[in-house]
Amino acid sequence: MTDLIAWMDQVAPDAALAVAGPKMGRLAELGQAGVRVPYSFAVTVDAFRAHCDEHGLAQKADDILSAVDAADSAAVEAAALRVQDVFLAAPLSEALRRGIVEAYDELSDRCVDLNAPVAVRSSATGEDSGAASFAGAFDTYLGVSGPDRVVDAVRRCWASLFTPRATAYRLQQGIDHRAMPMAVGVVELVHARSSGVAFSIHPVTGKRDRLVIEANWGWGEAVVQGLVTPDHVEVGKADRRVLRYDVADKRVVSAFDYAVGAVTEVAMPERLRERQVLDDDEVAQVVAAVLRIEEHYGYPVDVEWVVDRHRRSGEAVSIVQTRPVTVVAAPEPPKVWDPTAFAAKYAHGGGR
């Protein structure tokens with residue numbers, strides 16, 4: 001590990017969140033606790049600070065935002081986009097660029113691949129805290145392939161610290177953007193047979209006696225974008241028995257397009273639209289992982305999981321992200337379960 005790059009299987013668990021932010025820090029903690037996670041490294045918080053200092057970006061952001069009325073949504077959006085442009089125009093130092101490229105090449109070697117597809121995801125300090133609501137406010141890019149694209153995605157993740165939504169929220173809450181420097185994770189993109197999100201507590205009713213799993217074929221972006229309704233599974237915690245399994249009509253799937261080097265949304269093959277995504281063994285492995293993670297942290301969690309297309313029966317599923325369940329609705333359940341609403345808040349790392 002250098003000050004610029006940290007490998008998640010090497011960073012000390014007690015330093016992981018400070019070095020790599022919450023998303024990547026928790027991935028490091030879980031991997032070193034024995035949970036199955038993908039290969040990954042982080043462009044560290046120190047790298048972000050050094051980049052900002054080199055170009056005076058924090059002061060430039062202050063200059064743009066200082067005169068903005070937090071109640072004027074149009075002015076906030078325009079100012080936020082100006083700050084993003086300033087960030088995107090700032091070139092990386094040669095040392096940092098070289099560090100990212102060398103780490104990406106090593107990750108590709110670990111994956112036994114050439115220009116391995118990765119997820120490049122923001123990991124801003126404080127974004128998953130119980131005191132603030134930044135879930136989904138920053139950018140994640142799935143299926144990035146090749147060193148130049150990875151470097152560009154890192155820059156775009158940094159710039160997403162100033163999305164209009166995140167900027168407005170900070171201004172309204174009086175949070176200084178300097179208080180949440182952004183690490184960026186570069187994570188092996190597990191070749192997904194299926195993926196989804198699982199909650200160790202019912203996110204609508206607040207019931208703690210069951211887990212909720214949502215599942216779709218391929219990667220989870222189609223769910224996040226509201227393009228597909230996933231299968232919905234509820235499992236009893238005490239005996240791990242499936243209490244209900246609702247098979248959805250899944251019309252869209254997120255798949256990797258090698259021609260463009262990105263995950264894209266395509267029409268679901270007819271044979272898979274109304275087929276149950278998870279078999280009993282896969283449900284059991286998702287449940288086992290979620291309960292282990294909840295026990296590790298000692299509080300309710302939501303967990304993003306992936307079933308590798310090469311996975312064999314009995315093998316663990318891969319965990320790509322976890323965070324606390326910070327908001328639970330009133331105990332009376334709504335008449336209609338809205339998976340899109342919960343995906344937008346919790347699942348798969350937020351917007352593109």
# chains A, B, ... in the order shown; residues from 1 in each chain; ligands from 1
>>> residues_around(residues="stretch 172-176 of chain A", least_positions_apart="5", cutoff="12 Å", atoms="only C-alpha atoms", output="JSON, numbers by chain")
{"A": [58, 59, 61, 62, 65, 66, 68, 69, 70, 71, 72, 73, 76, 125, 126, 127, 131, 132, 133, 134, 161, 162, 165, 166, 167, 181]}
>>> write_last_selection(atoms="N, CA and C atoms", output="mmCIF file, in the first residue's frame")
data_model
loop_
_atom_site.group_PDB
_atom_site.id
_atom_site.type_symbol
_atom_site.label_atom_id
_atom_site.label_comp_id
_atom_site.auth_asym_id
_atom_site.auth_seq_id
_atom_site.Cartn_x
_atom_site.Cartn_y
_atom_site.Cartn_z
ATOM 1 N N ALA A 58 -10.721 22.767 -3.630
ATOM 2 C CA ALA A 58 -11.625 23.075 -2.527
ATOM 3 C C ALA A 58 -11.976 24.560 -2.506
ATOM 4 N N GLN A 59 -10.966 25.419 -2.697
ATOM 5 C CA GLN A 59 -11.225 26.863 -2.705
ATOM 6 C C GLN A 59 -12.054 27.259 -3.918
ATOM 7 N N ALA A 61 -14.273 25.425 -5.362
ATOM 8 C CA ALA A 61 -15.648 25.032 -5.061
ATOM 9 C C ALA A 61 -16.305 26.050 -4.135
ATOM 10 N N ASP A 62 -15.556 26.486 -3.113
ATOM 11 C CA ASP A 62 -16.095 27.492 -2.196
ATOM 12 C C ASP A 62 -16.446 28.785 -2.933
ATOM 13 N N LEU A 65 -19.733 28.238 -4.753
ATOM 14 C CA LEU A 65 -20.912 27.939 -3.939
ATOM 15 C C LEU A 65 -21.231 28.999 -2.896
ATOM 16 N N SER A 66 -20.289 29.879 -2.607
ATOM 17 C CA SER A 66 -20.442 30.808 -1.475
ATOM 18 C C SER A 66 -21.638 31.742 -1.619
ATOM 19 N N VAL A 68 -24.418 31.094 -3.296
ATOM 20 C CA VAL A 68 -25.640 30.385 -3.697
ATOM 21 C C VAL A 68 -26.610 30.299 -2.533
ATOM 22 N N ASP A 69 -27.881 30.599 -2.802
ATOM 23 C CA ASP A 69 -28.951 30.438 -1.822
ATOM 24 C C ASP A 69 -29.353 28.970 -1.805
ATOM 25 N N ALA A 70 -29.185 28.303 -0.656
ATOM 26 C CA ALA A 70 -29.492 26.873 -0.561
ATOM 27 C C ALA A 70 -30.951 26.560 -0.883
ATOM 28 N N ALA A 71 -31.826 27.550 -0.761
ATOM 29 C CA ALA A 71 -33.249 27.333 -1.042
ATOM 30 C C ALA A 71 -33.581 27.461 -2.527
ATOM 31 N N ASP A 72 -32.625 27.954 -3.319
ATOM 32 C CA ASP A 72 -32.846 28.147 -4.756
ATOM 33 C C ASP A 72 -32.314 26.917 -5.494
ATOM 34 N N SER A 73 -33.168 25.964 -5.759
ATOM 35 C CA SER A 73 -32.729 24.678 -6.310
ATOM 36 C C SER A 73 -32.079 24.830 -7.678
ATOM 37 N N VAL A 76 -28.563 26.187 -7.115
ATOM 38 C CA VAL A 76 -27.710 25.146 -6.540
ATOM 39 C C VAL A 76 -27.279 24.162 -7.618
ATOM 40 N N THR A 125 -16.206 9.731 2.591
ATOM 41 C CA THR A 125 -16.300 9.673 4.046
ATOM 42 C C THR A 125 -17.630 10.268 4.489
ATOM 43 N N GLY A 126 -18.376 9.517 5.277
ATOM 44 C CA GLY A 126 -19.630 10.025 5.824
ATOM 45 C C GLY A 126 -20.857 9.738 4.997
ATOM 46 N N GLU A 127 -20.713 9.160 3.787
ATOM 47 C CA GLU A 127 -21.910 9.035 2.941
ATOM 48 C C GLU A 127 -22.878 7.986 3.433
ATOM 49 N N ALA A 131 -26.123 9.608 10.485
ATOM 50 C CA ALA A 131 -26.519 11.000 10.715
ATOM 51 C C ALA A 131 -26.767 11.775 9.436
ATOM 52 N N ALA A 132 -26.421 11.192 8.288
ATOM 53 C CA ALA A 132 -26.595 11.895 7.022
ATOM 54 C C ALA A 132 -27.174 10.953 5.991
ATOM 55 N N SER A 133 -27.786 11.545 4.962
ATOM 56 C CA SER A 133 -28.486 10.746 3.965
ATOM 57 C C SER A 133 -27.899 10.990 2.581
ATOM 58 N N PHE A 134 -26.756 10.333 2.291
ATOM 59 C CA PHE A 134 -26.104 10.492 0.997
ATOM 60 C C PHE A 134 -26.218 9.233 0.132
ATOM 61 N N LEU A 161 -18.844 14.150 -6.089
ATOM 62 C CA LEU A 161 -19.011 14.718 -4.751
ATOM 63 C C LEU A 161 -19.903 15.953 -4.820
ATOM 64 N N PHE A 162 -19.979 16.562 -6.014
ATOM 65 C CA PHE A 162 -20.757 17.782 -6.208
ATOM 66 C C PHE A 162 -21.930 17.559 -7.171
ATOM 67 N N ARG A 165 -27.750 16.898 -6.152
ATOM 68 C CA ARG A 165 -28.420 16.356 -4.968
ATOM 69 C C ARG A 165 -27.515 16.423 -3.746
ATOM 70 N N ALA A 166 -26.267 15.971 -3.880
ATOM 71 C CA ALA A 166 -25.348 15.982 -2.746
ATOM 72 C C ALA A 166 -25.018 17.407 -2.318
ATOM 73 N N THR A 167 -24.839 18.287 -3.288
ATOM 74 C CA THR A 167 -24.508 19.678 -2.972
ATOM 75 C C THR A 167 -25.655 20.352 -2.234
ATOM 76 N N PRO A 181 -14.081 13.892 2.321
ATOM 77 C CA PRO A 181 -13.214 13.585 1.175
ATOM 78 C C PRO A 181 -13.553 12.225 0.591
#
>>> select_by_dssp(residues="stretch 230-335 of chain A", states="strand (DSSP E or B)", output="mmCIF file with N, CA and C atoms, in the first residue's frame")
data_model
loop_
_atom_site.group_PDB
_atom_site.id
_atom_site.type_symbol
_atom_site.label_atom_id
_atom_site.label_comp_id
_atom_site.auth_asym_id
_atom_site.auth_seq_id
_atom_site.Cartn_x
_atom_site.Cartn_y
_atom_site.Cartn_z
ATOM 1 N N ASP A 231 -37.461 -10.270 -8.439
ATOM 2 C CA ASP A 231 -38.071 -11.262 -7.566
ATOM 3 C C ASP A 231 -37.959 -10.779 -6.128
ATOM 4 N N HIS A 232 -38.960 -11.103 -5.320
ATOM 5 C CA HIS A 232 -39.004 -10.670 -3.926
ATOM 6 C C HIS A 232 -39.112 -11.905 -3.037
ATOM 7 N N VAL A 233 -38.174 -12.036 -2.095
ATOM 8 C CA VAL A 233 -38.109 -13.212 -1.235
ATOM 9 C C VAL A 233 -38.073 -12.759 0.215
ATOM 10 N N GLU A 234 -38.851 -13.431 1.065
ATOM 11 C CA GLU A 234 -38.785 -13.191 2.498
ATOM 12 C C GLU A 234 -38.454 -14.501 3.197
ATOM 13 N N VAL A 235 -37.495 -14.433 4.128
ATOM 14 C CA VAL A 235 -36.964 -15.628 4.784
ATOM 15 C C VAL A 235 -36.988 -15.421 6.288
ATOM 16 N N GLY A 236 -37.490 -16.412 7.023
ATOM 17 C CA GLY A 236 -37.498 -16.334 8.480
ATOM 18 C C GLY A 236 -36.095 -16.442 9.042
ATOM 19 N N VAL A 242 -37.989 -20.190 3.768
ATOM 20 C CA VAL A 242 -38.563 -19.230 2.833
ATOM 21 C C VAL A 242 -40.041 -19.049 3.154
ATOM 22 N N LEU A 243 -40.428 -17.829 3.513
ATOM 23 C CA LEU A 243 -41.810 -17.529 3.877
ATOM 24 C C LEU A 243 -42.638 -17.142 2.660
ATOM 25 N N ARG A 244 -41.990 -16.492 1.689
ATOM 26 C CA ARG A 244 -42.674 -16.166 0.439
ATOM 27 C C ARG A 244 -41.626 -15.955 -0.639
ATOM 28 N N TYR A 245 -42.001 -16.302 -1.851
ATOM 29 C CA TYR A 245 -41.142 -16.042 -3.013
ATOM 30 C C TYR A 245 -42.046 -15.573 -4.138
ATOM 31 N N ASP A 246 -41.962 -14.278 -4.451
ATOM 32 C CA ASP A 246 -42.765 -13.692 -5.515
ATOM 33 C C ASP A 246 -41.902 -13.566 -6.765
ATOM 34 N N VAL A 252 -36.152 -6.590 -18.305
ATOM 35 C CA VAL A 252 -34.875 -5.958 -18.656
ATOM 36 C C VAL A 252 -33.778 -6.620 -17.844
ATOM 37 N N VAL A 253 -32.588 -6.749 -18.436
ATOM 38 C CA VAL A 253 -31.447 -7.293 -17.732
ATOM 39 C C VAL A 253 -30.230 -6.409 -18.003
ATOM 40 N N SER A 254 -29.386 -6.232 -16.988
ATOM 41 C CA SER A 254 -28.127 -5.508 -17.153
ATOM 42 C C SER A 254 -27.038 -6.520 -17.489
ATOM 43 N N ALA A 255 -26.407 -6.336 -18.642
ATOM 44 C CA ALA A 255 -25.400 -7.276 -19.125
ATOM 45 C C ALA A 255 -24.166 -6.517 -19.568
ATOM 46 N N PHE A 256 -23.011 -7.199 -19.557
ATOM 47 C CA PHE A 256 -21.766 -6.547 -19.958
ATOM 48 C C PHE A 256 -21.630 -6.579 -21.472
ATOM 49 N N ASP A 257 -21.410 -5.395 -22.059
ATOM 50 C CA ASP A 257 -21.214 -5.265 -23.502
ATOM 51 C C ASP A 257 -19.719 -5.062 -23.748
ATOM 52 N N ALA A 262 -18.804 -1.681 -21.080
ATOM 53 C CA ALA A 262 -19.677 -1.160 -20.028
ATOM 54 C C ALA A 262 -20.851 -2.105 -19.836
ATOM 55 N N VAL A 263 -21.471 -1.993 -18.673
ATOM 56 C CA VAL A 263 -22.712 -2.706 -18.415
ATOM 57 C C VAL A 263 -23.860 -1.906 -19.015
ATOM 58 N N THR A 264 -24.676 -2.553 -19.817
ATOM 59 C CA THR A 264 -25.798 -1.889 -20.473
ATOM 60 C C THR A 264 -27.074 -2.686 -20.230
ATOM 61 N N GLU A 265 -28.207 -2.042 -20.458
ATOM 62 C CA GLU A 265 -29.497 -2.689 -20.246
ATOM 63 C C GLU A 265 -30.053 -3.180 -21.579
ATOM 64 N N VAL A 266 -30.470 -4.447 -21.595
ATOM 65 C CA VAL A 266 -31.026 -5.059 -22.804
ATOM 66 C C VAL A 266 -32.300 -5.796 -22.428
ATOM 67 N N ALA A 267 -33.067 -6.164 -23.443
ATOM 68 C CA ALA A 267 -34.302 -6.908 -23.206
ATOM 69 C C ALA A 267 -33.989 -8.282 -22.624
ATOM 70 N N VAL A 301 -28.395 -4.527 8.518
ATOM 71 C CA VAL A 301 -27.617 -4.143 7.344
ATOM 72 C C VAL A 301 -28.399 -4.421 6.074
ATOM 73 N N ASP A 302 -28.054 -3.684 5.021
ATOM 74 C CA ASP A 302 -28.449 -4.121 3.688
ATOM 75 C C ASP A 302 -27.181 -4.473 2.934
ATOM 76 N N VAL A 303 -27.271 -5.486 2.128
ATOM 77 C CA VAL A 303 -26.103 -6.126 1.537
ATOM 78 C C VAL A 303 -26.337 -6.320 0.049
ATOM 79 N N GLU A 304 -25.384 -5.896 -0.761
ATOM 80 C CA GLU A 304 -25.428 -6.197 -2.195
ATOM 81 C C GLU A 304 -24.641 -7.472 -2.445
ATOM 82 N N TRP A 305 -25.242 -8.396 -3.145
ATOM 83 C CA TRP A 305 -24.637 -9.697 -3.380
ATOM 84 C C TRP A 305 -24.666 -10.016 -4.880
ATOM 85 N N VAL A 306 -23.779 -10.926 -5.275
ATOM 86 C CA VAL A 306 -23.717 -11.383 -6.664
ATOM 87 C C VAL A 306 -23.492 -12.892 -6.660
ATOM 88 N N VAL A 307 -24.232 -13.591 -7.488
ATOM 89 C CA VAL A 307 -23.985 -15.007 -7.729
ATOM 90 C C VAL A 307 -23.153 -15.118 -8.999
ATOM 91 N N ASP A 308 -21.928 -15.572 -8.854
ATOM 92 C CA ASP A 308 -21.026 -15.743 -9.993
ATOM 93 C C ASP A 308 -21.590 -16.809 -10.933
ATOM 94 N N SER A 318 -20.820 -13.816 -3.594
ATOM 95 C CA SER A 318 -19.906 -12.687 -3.420
ATOM 96 C C SER A 318 -20.663 -11.478 -2.875
ATOM 97 N N ILE A 319 -20.052 -10.797 -1.915
ATOM 98 C CA ILE A 319 -20.625 -9.583 -1.336
ATOM 99 C C ILE A 319 -19.855 -8.385 -1.890
ATOM 100 N N VAL A 320 -20.580 -7.437 -2.478
ATOM 101 C CA VAL A 320 -19.917 -6.304 -3.116
ATOM 102 C C VAL A 320 -20.134 -4.992 -2.375
ATOM 103 N N GLN A 321 -21.057 -4.981 -1.416
ATOM 104 C CA GLN A 321 -21.244 -3.763 -0.618
ATOM 105 C C GLN A 321 -22.156 -4.063 0.555
ATOM 106 N N THR A 322 -21.957 -3.353 1.646
ATOM 107 C CA THR A 322 -22.886 -3.415 2.772
ATOM 108 C C THR A 322 -22.938 -2.056 3.431
ATOM 109 N N ARG A 323 -24.062 -1.764 4.044
ATOM 110 C CA ARG A 323 -24.220 -0.523 4.809
ATOM 111 C C ARG A 323 -25.304 -0.739 5.852
ATOM 112 N N PRO A 324 -25.359 0.131 6.867
ATOM 113 C CA PRO A 324 -26.440 0.009 7.848
ATOM 114 C C PRO A 324 -27.783 0.359 7.230
#
>>> select_by_dssp(residues="stretch 152-230 of chain A", states="alpha helix (DSSP H)", output="ChimeraX atom specification")
/A:152-159,164-173,221-224
>>> write_last_selection(atoms="C-alpha atoms", output="PDB file, in the first residue's frame")
ATOM      1  CA  ASP A 152     -11.487   8.678 -16.276  1.00  0.00           C
ATOM      2  CA  ALA A 153     -14.080   6.939 -14.071  1.00  0.00           C
ATOM      3  CA  VAL A 154     -12.046   7.810 -10.959  1.00  0.00           C
ATOM      4  CA  ARG A 155     -12.125  11.495 -11.966  1.00  0.00           C
ATOM      5  CA  ARG A 156     -15.869  11.317 -12.567  1.00  0.00           C
ATOM      6  CA  CYS A 157     -16.451   9.733  -9.170  1.00  0.00           C
ATOM      7  CA  TRP A 158     -14.478  12.562  -7.553  1.00  0.00           C
ATOM      8  CA  ALA A 159     -16.558  15.117  -9.443  1.00  0.00           C
ATOM      9  CA  PRO A 164     -26.749  18.684  -7.459  1.00  0.00           C
ATOM     10  CA  ARG A 165     -28.420  16.356  -4.968  1.00  0.00           C
ATOM     11  CA  ALA A 166     -25.348  15.982  -2.746  1.00  0.00           C
ATOM     12  CA  THR A 167     -24.508  19.678  -2.972  1.00  0.00           C
ATOM     13  CA  ALA A 168     -28.034  20.752  -2.060  1.00  0.00           C
ATOM     14  CA  TYR A 169     -28.119  18.394   0.905  1.00  0.00           C
ATOM     15  CA  ARG A 170     -24.780  19.639   2.261  1.00  0.00           C
ATOM     16  CA  LEU A 171     -25.816  23.277   1.891  1.00  0.00           C
ATOM     17  CA  GLN A 172     -29.127  22.632   3.647  1.00  0.00           C
ATOM     18  CA  GLN A 173     -27.462  20.721   6.475  1.00  0.00           C
ATOM     19  CA  GLU A 221     -28.409  -1.608 -12.535  1.00  0.00           C
ATOM     20  CA  ALA A 222     -31.748  -2.312 -14.237  1.00  0.00           C
ATOM     21  CA  VAL A 223     -33.361  -2.487 -10.794  1.00  0.00           C
ATOM     22  CA  VAL A 224     -31.693   0.731  -9.606  1.00  0.00           C
TER      23      VAL A 224
END
>>> closest_residue(among="A:Ala103, A:Leu81, A:Ala192, A:Val186", to="A:Ser160", atoms="only C-alpha atoms")
A:Leu81
>>> atom_distance(atom1="atom CA of A:Ala20", atom2="atom CA of A:Ala183")
5.3 Å
>>> atom_distance(atom1="atom CA of A:Arg26", atom2="atom CA of A:Ala42")
12.0 Å
>>> closest_residue(among="A:Lys207, A:Leu107, A:Tyr39, A:Arg193", to="A:Trp219", atoms="only C-alpha atoms")
A:Arg193
>>> closest_residue(among="A:Arg251, A:Leu30, A:Ala238, A:Val325", to="A:His202", atoms="only C-alpha atoms")
A:Val325
>>> atom_distance(atom1="atom CA of A:Val45", atom2="atom CA of A:Leu114")
27.6 Å
